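*Asks:* Please find one structure pasted underneath; my questions will follow.
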Amino acid sequence: MTPRKDDMRLATTLRRFELDTRPIHPETRRALDRRWAELPEHAKTPSQLLGRSAVGCEGTHGVFPKCNLTCSPCYHSADANKVRIDGDHTVDNVTRQMDYLRAVRGPRAHAQLIGGEVSLLSAEDHARSLLAMRAVGREPMSMTHGDFDYDYLLDVVLDEDGKPRFDKVSFAAHFDSLMRGRRGAVRPRGEAELNPFREKFARMFVDLKRDHGVSSYLAHNMTVTPSNVAEVEQVTRDVLEMPFDMMSFQPAAFIGDDRRWREDFGEVTIDAVWEKIEAGAGQKLPWQATQFGDPRCNRSTVGVRVGKTFAPVLDPEDPKDIAARDRFLSHFGGMIFGGIPRHVLAVKVVRALASHPGDIPPLIGLMSRVLRRAGGLRKVVSAARRGKVSFKTFVIHNFMDAEQVAPAWKLMQEGVTADDPLLRETQERLGACMYAMAHPEDGRLVPACVQHSVLDPKENEELRRILPLPTVRPGATVTARPSGLTAVRETGTRTA
């Protein structure tokens, strides 16, 4: 290679390194600015993270609608279980949707591999989907009911040579007594009956770390209706003792298959559920310091749990905490920490702090206040030695009824602000939605409530046509891998 080519290669490498180690990537900055500009005015508050620190979460759709449990309520359309699981269809559509999200939302975001039940994909197709998401800077989370075995998890995480494909995986497991068909708990009579299954699921990932060095992030999801809202307190108390990183609760909404609407979901409010979570945690859980989207839709707090004490990272009543928050959002909002080589991340952090050295004392002060809320250094060190220190996140996602979403969305597409107060509120919440799904075929991003309320039924009708369920030949025997982890296949001899 000539000296000139050597110089060109070095210059290219240096330019790439300079770009990779910038505190905030230029594409991220453009995506954040666009997201902020799109927000309705009522959502542009000092606590808002969309457009300042994150573009929001993303999810797949139409990639594997089928599920092997029945839930009341169920957010999938009535046709969802009439669509065949097809790995190539899944991977192709995941790739197209993620490519579009990469183009319009920047180089990094959290994305959910969601549809029906993800473990109905073969392990190889599940892994291929995760790799496709990671290839365009998405941090994928597999959404599951958790009713699969350790061998399946290993098949997803390890390649054919038994080596890890991933250094970390994220799963969100949905457990509640409204679900029917789980092995060993076909019709649970209460939430406590599911605790052994919650523990077994979480334990698989502890074993994965021990056996293969692959770390994980685990979320626990629970749908809340009048029939189980009284149990939220005990579920919170129980799951806090399990190795889940996030506890997410979703008050039920009238979305999806109306054959499974059995109760008056309007009785369960976001405030009522949050009070139950606080009772289970044994303390107040302040959430007002940060906001994702509209507070009528989402509520969350993150902190460190030391023994039985939860110390929130931000106290909305402490002016110093709020000042530190504002500094971080102004100077470091949009800085990417996940999925980056350590040496690159180290340079990013040094460059960021060098640009704003005045932020170091407030950030140190914030850490000291979190430590004090946790009980002090001695308590934290003692708890850490016993394995009793962990970061926890509490979340509520409050979805909307299809009866309001459909007309509100139609008016929004026409550029019309609704006169009806309820529809106008729905439009405000849709405009501030933090959870988007991609439609590259027509260049749209749509809120999840719109996807489930308006688009899923038509989408699944079409999927029934292109992915029909298999027809069993006369004389054939239908078999499936134990626990239904792979698609149904036919065996036997064709009859005349």
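If you're wondering about the labels, chains in the structure tokens are A, B, ... by order shown, residues count from 1 in each chain, ligands from 1 in order shown.
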Compile the contact shell of Arg34 (chain A) as an MDAnalysis selection string: residues with an atom at most 10 Å away, counting only C-alpha atoms, same-chain residues fewer than 3 positions apart removed.

*Replies:* chainID A and resid 28:31 37:39 51 55 104:105

*Asks:* Store the residues picked out above, limited to N, CA and C atoms, as a short mmCIF file (atom, residue, chain, number, x, y, z; two decimals), in the first residue's frame.

*Replies:*
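The result, written out as selection-v3.cif:
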```cif
data_model
loop_
_atom_site.label_atom_id
_atom_site.label_comp_id
_atom_site.auth_asym_id
_atom_site.auth_seq_id
_atom_site.Cartn_x
_atom_site.Cartn_y
_atom_site.Cartn_z
N THR A 28 -28.13 11.84 16.15
CA THR A 28 -28.96 11.80 17.36
C THR A 28 -29.51 13.19 17.66
N ARG A 29 -28.66 14.19 17.53
CA ARG A 29 -29.10 15.55 17.79
C ARG A 29 -30.22 15.97 16.85
N ARG A 30 -30.09 15.63 15.57
CA ARG A 30 -31.14 15.98 14.61
C ARG A 30 -32.45 15.25 14.93
N ALA A 31 -32.34 13.97 15.29
CA ALA A 31 -33.54 13.20 15.62
C ALA A 31 -34.22 13.75 16.87
N ALA A 37 -39.72 19.14 18.27
CA ALA A 37 -40.57 20.02 17.46
C ALA A 37 -41.94 19.39 17.22
N GLU A 38 -42.01 18.06 17.17
CA GLU A 38 -43.27 17.36 16.89
C GLU A 38 -44.18 17.30 18.12
N LEU A 39 -43.63 17.47 19.31
CA LEU A 39 -44.43 17.34 20.52
C LEU A 39 -45.48 18.45 20.61
N GLY A 51 -37.24 14.13 23.05
CA GLY A 51 -36.68 15.26 22.32
C GLY A 51 -35.53 15.94 23.02
N VAL A 55 -35.51 9.63 21.98
CA VAL A 55 -36.55 9.77 20.96
C VAL A 55 -37.79 8.98 21.34
N VAL A 104 -35.05 7.50 10.42
CA VAL A 104 -35.79 8.68 10.87
C VAL A 104 -35.63 8.99 12.35
N ARG A 105 -35.11 8.04 13.14
CA ARG A 105 -35.02 8.26 14.59
C ARG A 105 -33.59 8.20 15.12
#
```

*Asks:* Just want the 9 Å neighbourhood of Ser142 (chain A), counted on only C-alpha atoms, with same-chain residues fewer than 2 positions away dropped. Output as a PyMOL selection string.

*Replies:* chain A and resi 111-114+118-119+126+130+140+144+169-173

*Asks:* What does the distance between CA of Ala123 (chain A) and CA of Leu153 (chain A) come to in Å, to one decimal place?

*Replies:*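 Going from CA of Ala123 (chain A) over to CA of Leu153 (chain A) covers 7.6 Å.
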
*Asks:* Work out how far CA of Ser47 (chain A) is from CA of Pro23 (chain A), in Å to one decimal.

*Replies:*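 Atom-to-atom, CA of Pro23 (chain A) and CA of Ser47 (chain A) are spaced 21.3 Å apart.
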
*Asks:* Got a sec: who's within 12 Å of Ala384 (chain A), counting only C-alpha atoms, leaving out chain neighbours fewer than 3 positions off, as a PyMOL selection string?

*Replies:* chain A and resi 304-307+374+377-381+387-391

*Asks:* Write out as CSV a residue-level contact list of region 9-79 of chain A versus region 181-195 of chain A with cut-off 8 Å: for each qualifying residue the closest pair of atoms and the distance in Å to one decimal, counting only C-alpha atoms, rows sorted by chain and residue number upward.

*Replies:*
```
residue,atom,partner,partner_atom,distance
A:Asn68,CA,A:Gly181,CA,7.5
A:Leu69,CA,A:Gly181,CA,5.1
A:Thr70,CA,A:Gly181,CA,6.6
```

*Asks:* Since we have the selection now, will you write its residues out, keeping N, CA and C atoms, as a compact mmCIF listing (two decimals), in the first residue's frame?

*Replies:*
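Written out: out_22.txt:
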```
# COMPACT_ATOMS: atom_id res chain seq x y z
N ASN A 68 -49.97 -18.46 22.24
CA ASN A 68 -50.52 -19.73 22.70
C ASN A 68 -51.11 -19.66 24.11
N LEU A 69 -51.30 -18.44 24.64
CA LEU A 69 -52.09 -18.24 25.84
C LEU A 69 -53.31 -17.40 25.48
N THR A 70 -54.32 -17.42 26.32
CA THR A 70 -55.47 -16.54 26.13
C THR A 70 -55.57 -15.63 27.34
```

*Asks:* Which polymer residues have any atom within 10 Å of an atom of Gln427 (chain A), counting only C-alpha atoms, with same-chain residues fewer than 2 positions away left out, as JSON, numbers by chain?

*Replies:* {"A": [40, 404, 405, 407, 408, 409, 410, 411, 412, 416, 417, 418, 421, 422, 423, 424, 425, 429, 430, 431, 432, 433]}

*Asks:* Quick one: residues within 12 Å of Asp155 (chain A), only C-alpha atoms counted, chain neighbours fewer than 2 positions away excluded, as a list of chain:residue names?

*Replies:*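 After dropping sequence-adjacent residues, the list is A:Ser119, A:Leu121, A:Ser122, A:Ala123, A:Glu124, A:Asp125, A:His126, A:Ala127, A:Arg128, A:Phe148, A:Asp149, A:Tyr150, A:Asp151, A:Tyr152, A:Leu153, A:Val157, A:Leu158, A:Asp159, A:Glu160, A:Asp161, A:Gly162, A:Lys163, A:Pro164, A:Arg165, A:Phe166, A:Leu208, A:Leu485.
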
*Asks:* I need the residues in region 28-194 of chain A that are alpha helix (DSSP H) according to DSSP; give them as a PyMOL selection string.

*Replies:* chain A and resi 28-38+87-105+123-135+150-157

*Asks:* Given only C-alpha atoms as the basis, pick out the residue of A:Gly87, A:Pro468, A:Pro73, A:Gly339 nearest to Lys168 (chain A).

*Replies:*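 Checking each of A:Gly87, A:Pro468, A:Pro73, A:Gly339 against Lys168 (chain A), counting only C-alpha atoms, the winner is A:Gly339.
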
*Asks:* Between CA of Pro65 (chain A) and CA of Phe205 (chain A), what is the distance, to one decimal in Å?

*Replies:*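 The value is 25.4 Å.
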
*Asks:* Which polymer residues have any atom within 7 Å of an atom of Val94 (chain A), counting only C-alpha atoms, with same-chain residues fewer than 5 positions away left out, as a ChimeraX atom specification?

*Replies:* /A:60,63,129

*Asks:* In region 171-409 of chain A, what's strand (DSSP E or B) per DSSP? Answer as a ChimeraX atom specification?

*Replies:* /A:171-174,179-180,182,185,215-224,246-251,291,298-306,309-312,389-397

*Asks:* Here is a test: counting only C-alpha atoms, which residue of A:Arg4, A:Ser72, A:Glu139, A:Arg444 is nearest to Ala253 (chain A)?

*Replies:*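 Once distances to Ala253 (chain A) are computed over only C-alpha atoms, the minimum belongs to A:Ser72.
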
*Asks:* Contacts of Arg96 (chain A) at 10 Å or less, counting only C-alpha atoms, minus same-chain residues fewer than 5 places along, as a short mmCIF file (atom, residue, chain, number, x, y, z; two decimals) with C-alpha atoms, in the first residue's frame?

*Replies:*
```
data_model
loop_
_atom_site.label_atom_id
_atom_site.label_comp_id
_atom_site.auth_asym_id
_atom_site.auth_seq_id
_atom_site.Cartn_x
_atom_site.Cartn_y
_atom_site.Cartn_z
CA VAL A 91 -36.99 -11.40 10.07
CA LEU A 101 -36.58 3.64 12.34
CA ARG A 102 -32.81 3.99 12.02
CA ALA A 132 -31.24 -7.50 12.75
CA MET A 133 -32.36 -4.99 15.38
CA ALA A 438 -42.87 1.97 11.88
CA HIS A 439 -44.68 1.68 8.55
CA PRO A 440 -41.91 2.02 5.96
CA GLU A 441 -44.32 1.18 3.13
#
```

*Asks:* Between A:Ile396, A:Gly213, A:Ala324, A:Asp456, single out the one closest to Trp274 (chain A), counting only C-alpha atoms.

*Replies:*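 When distances to Trp274 (chain A) are compared using only C-alpha atoms, the smallest one comes from A:Ile396.
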
*Asks:* Which one is closest to His42 (chain A): A:Arg373, A:Lys66, A:Arg296, A:Gln97? Count only C-alpha atoms.

*Replies:*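 The answer is A:Arg296, which sits nearest to His42 (chain A).
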
*Asks:* Check the smallest atom-to-atom distance from each of A:Ala406, A:Thr95, A:Phe17, A:Gly293 to Glu41 (chain A) using only C-alpha atoms, then report the winner.

*Replies:*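 Distance minimum relative to Glu41 (chain A) lands on A:Gly293.
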